[in-house]
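**Student:** So that we are looking at the same thing, I have put the structure below in structure tokens.
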Amino acid sequence: MKQTTIKKSVEVNGVGLHTGQQVTMIFNPAADNHGIKFQRVDLPGKPIIDADVDNVTDLSRGTTLEQHGGKVATVEHTMAALAALEIDNCLIHINADETPIMDGSSIFFFNALKDAGIKELTAEREYFSIPQNIYYTEDERQVEMIAMPLDDYRLTVMVDYNSPVLGSQHASITSLKEFESEIASCRTFCFLHELEMLYNNNLIRGGDLNNAIVIVDRVIKDEELDHLAKMFNKPKVEVKKEGILNNVELRFHNEPARHKLLDLIGDLALIGTPIKAQIMAARPGHAANIAFGKKIKALIKKTRSQVNVPKYDPNKTPLYNIQDVAKMLPHRSPFLLVDKVLEMGKNHLIAVKNVTFNEPFFPGHFPNNPVMPGVLIIEAMAQAGGVLVLSQVEDPENYNTYFMKIDNAKFKEKVVPGDTLVFRLDLTSPIRRGVCIMKGSAFVGDKLVCEAELMAQVAKKS
């Protein structure tokens, strides 16, 4: 799968739930490896906020992100729409500190993004497959969550609020393709006592009985109904026998559970990496979702920081052969040290160098004791890294790569004629202004023979 963005910019306008302010939010196309970012265009310096669980600062009334002096609240419905459409890269301009609530669901964002169209980019989408069961529990709130290994993405949610109106509900999807018809239009909900508390604390100024389901789980008097009508500027409000304020028709019999699943998708999208797993959650909420997401992200970071021994199958057709590599790199014989590329993702590459007795350096390094020089192993790793970076530009033949720094180089085993060197290169930070930083590892079989941290500058030929 390739990474995606949208084909054109698209605008959504609405009211902020808590401030009551008019909000304009514009979704814009973005390049490979950009990720999802919000930009506060109304603030000095127009700070950019990465959609990342590590930037979550408030979970009291939704999920709030904050970074670089800017913040944006209630991002979960927006993130759910992006995740469901599998949009990897998007820059979202917003002129307020919360997203528009719309009708309390994700459908307006989903439809706007779908109408904008999905554009496939050149970089690979890199999934993380959950390797073993991951648990999260909160005894006090009886929250239980688990992510289980699965070569897909499925979610199941169960809610139980000890309410005679709601009862126990569950909702599930077996594919994100079901989001549009089964989940996207499901609205947020709250209990009457929560509504009153929020209003009395000068919140939900943008709230309306059309953008939330209000659950009435106690006997309510006529004068209270009159007060609620005045609160929401309605001529009259009433309670259906099912306990839903103002005769709102549910879109599904289990709409509250489906909305909890919507929130879960949006919150877990802040992990920043699409995952493959079966997710099951009992009584989830934003705080639990984010804590669970952080636990998954920590595992991703730990797994990717470990040395993964690449599996080399000589029968597998390479992604790039030696002719392809020569088209990308300026190096030539006897200094082209990458024979083929086996695999490449958004942030990693696996390549091969076959070491033969005919290498020009063996007669002098050393006579009767041929050992590949360590500096050339480092050079080969750097060339492999160059392929990873240059594969992301349209005209790689017009670029050169130059070493800037080598750190923590370690040579653990000799490399001799007959060995097959397998390199794994991982970007450790985003490429900025042509500067790339990578972790390189070189293996012969299952043995790590060399590793180093590399920094290089990619520059266009003058």
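Labels for the structure tokens follow display order: chains A, B, ..., residues from 1 in each chain, ligands from 1.
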Determine, counting only C-alpha atoms, which protein, DNA and RNA residues have an atom within 6 Å of an atom of Ile437 in chain A; residues of the same chain fewer than 3 positions away are not included. Present the result as a list in words.
**Tutor:**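 The filter keeps Leu427, Thr428, Leu454 and Met455 of chain A.
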**Student:** Skipping near chain neighbours, those fewer than 4 positions away, what residues fall within 12 Å of Asp139 in chain A using only C-alpha atoms, listed as JSON, numbers by chain?
**Tutor:** {"A": [143, 144, 145, 282, 283, 288]}
**Student:** Kindly save the residues from that selection, with C-alpha atoms included, as a compact mmCIF listing (two decimals), in the first residue's frame.
**Tutor:**
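The new file selection.txt reads:
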# COMPACT_ATOMS: atom_id res chain seq x y z
CA VAL A 143 -12.29 -0.25 31.75
CA GLU A 144 -10.79 -3.21 29.92
CA MET A 145 -9.03 -2.94 26.56
CA ALA A 282 -15.17 -2.44 27.43
CA ARG A 283 -16.36 0.96 28.74
CA ALA A 288 -8.47 5.25 28.45
**Student:** Would you please extract all helix (DSSP H, G or I) residues from range 1-98 of chain A, as assigned by DSSP on the backbone, and give them as JSON, numbers by chain?
**Tutor:** {"A": [53, 54, 55, 76, 77, 78, 79, 80, 81, 82, 83, 84]}
**Student:** Could you write out that same residue set with C-alpha atoms as a CSV table (one decimal), in the first residue's frame?
**Tutor:**
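The new file result-v7.csv reads:
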chain,number,residue,atom,x,y,z
A,53,VAL,CA,-0.8,11.0,21.4
A,54,ASP,CA,2.2,12.6,23.0
A,55,ASN,CA,0.7,16.0,22.4
A,76,GLU,CA,-11.4,12.8,17.7
A,77,HIS,CA,-14.2,13.1,15.1
A,78,THR,CA,-11.8,14.6,12.6
A,79,MET,CA,-9.2,12.0,13.2
A,80,ALA,CA,-11.7,9.2,12.9
A,81,ALA,CA,-12.7,10.4,9.4
A,82,LEU,CA,-9.1,10.6,8.3
A,83,ALA,CA,-8.3,7.2,9.7
A,84,ALA,CA,-11.4,5.5,8.1
**Student:** Mind checking which residues fall within 10 Å of Val157 in chain A, counting only C-alpha atoms, ignoring those fewer than 4 positions away in the same chain, and posting them as a PDB file with C-alpha atoms, in the first residue's frame?
**Tutor:**
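What follows is the written file result_28.pdb:
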ATOM      1  CA  MET A 145      -9.031  -2.940  26.559  1.00  0.00           C
ATOM      2  CA  GLN A 169     -24.709  -2.014  24.194  1.00  0.00           C
ATOM      3  CA  HIS A 170     -21.981  -3.180  21.873  1.00  0.00           C
ATOM      4  CA  ALA A 171     -20.839  -2.248  18.383  1.00  0.00           C
ATOM      5  CA  SER A 172     -18.178  -3.608  16.047  1.00  0.00           C
ATOM      6  CA  ILE A 173     -16.717  -3.306  12.577  1.00  0.00           C
ATOM      7  CA  ALA A 257     -22.010   2.370  21.461  1.00  0.00           C
ATOM      8  CA  ARG A 258     -21.270   3.096  17.811  1.00  0.00           C
ATOM      9  CA  HIS A 259     -20.188   6.620  18.704  1.00  0.00           C
ATOM     10  CA  LYS A 260     -17.831   5.228  21.342  1.00  0.00           C
ATOM     11  CA  LEU A 261     -16.313   3.088  18.593  1.00  0.00           C
ATOM     12  CA  LEU A 262     -15.969   6.233  16.444  1.00  0.00           C
ATOM     13  CA  LEU A 264     -11.865   4.952  19.727  1.00  0.00           C
ATOM     14  CA  ILE A 279      -9.189  -4.199  19.291  1.00  0.00           C
ATOM     15  CA  MET A 280     -11.744  -4.996  21.975  1.00  0.00           C
ATOM     16  CA  ALA A 281     -12.762  -2.334  24.499  1.00  0.00           C
ATOM     17  CA  ALA A 282     -15.170  -2.438  27.429  1.00  0.00           C
ATOM     18  CA  ARG A 283     -16.359   0.965  28.742  1.00  0.00           C
ATOM     19  CA  PRO A 284     -13.789   3.027  26.802  1.00  0.00           C
TER      20      PRO A 284
END
**Student:** Compare A:Lys119, A:Arg125, A:Lys302, A:Lys114 by their minimum atom-to-atom distance to Ile275 in chain A, counting only C-alpha atoms, and give me the closest one.
**Tutor:**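 Closest to Ile275 in chain A, using only C-alpha atoms: A:Arg125.
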**Student:** So which one's closest to Phe423 in chain A, A:Asn369, A:Gln392, A:Asn354, A:Ser333? Using only C-alpha atoms, please.
**Tutor:** A:Asn354
**Student:** Counting only C-alpha atoms, which of A:Leu329, A:Asn33, A:Thr174, A:Thr317 gets nearest to Arg432 in chain A?
**Tutor:** A:Asn33
**Student:** Counting only C-alpha atoms, what is within 8 Å of Gly272 in chain A, bar same-chain residues fewer than 4 positions away, as a list in words?
**Tutor:**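 Counting only C-alpha atoms, the residues come to Gly35, Ala51, Asp52 and Val53 of chain A.
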**Student:** List every residue of range 13-203 of chain A that DSSP, applied to the backbone of this structure, assigns to strand (DSSP E or B), and report them as a PyMOL selection string.
**Tutor:** chain A and resi 13-16+22-29+36-40+48-50+56-58+64-67+70-73+90-94+98+100+118-124+128-129+134-138+143-148+153-160+168-173+189-191
**Student:** Could you tell me which of A:Pro149, A:Gly364, A:Pro396, A:Gly440 comes closest to Arg424 in chain A if we count only C-alpha atoms?
**Tutor:**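 For Arg424 in chain A, the nearest of the candidates is A:Gly440.
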**Student:** Just give me the gap between CA of Lys2 in chain A and CA of Lys294 in chain A in Å, one decimal is fine.
**Tutor:**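 Going from CA of Lys2 in chain A over to CA of Lys294 in chain A covers 25.2 Å.
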**Student:** Tell me which protein, DNA and RNA residues are within 9 Å of Leu421 in chain A, counting only C-alpha atoms, leaving out same-chain ones fewer than 2 positions away, and put them as a PyMOL selection string.
**Tutor:** chain A and resi 351-355+377+415+419+423+442-445+449
**Student:** Report the distance between CA of Val56 in chain A and CA of Ile265 in chain A in Å, rounded to one decimal place.
**Tutor:** 15.5 Å
**Student:** So that I can check the surroundings of Phe38 in chain A, please list as a compact mmCIF listing (two decimals) with C-alpha atoms, in the first residue's frame every protein, DNA and RNA residue that reaches within 8 Å of it, counting only C-alpha atoms and ignoring chain neighbours fewer than 3 positions away.
**Tutor:**
# COMPACT_ATOMS: atom_id res chain seq x y z
CA ILE A 48 1.70 23.58 13.76
CA ILE A 49 0.44 20.81 16.06
CA ASP A 50 1.27 17.20 15.26
CA ALA A 51 -1.65 14.80 15.61
CA VAL A 72 -6.91 22.37 19.17
CA LEU A 91 -2.37 19.71 6.83
CA ILE A 92 -5.50 21.06 8.55
CA HIS A 93 -5.83 24.83 8.83
CA ILE A 94 -8.10 25.90 11.68
**Student:** Under the rule that only C-alpha atoms are counted, which of A:Asn89, A:Gln132, A:Ser175, A:Asn13 is the nearest residue to Phe109 in chain A?
**Tutor:**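 The closest residue to Phe109 in chain A is A:Asn13.
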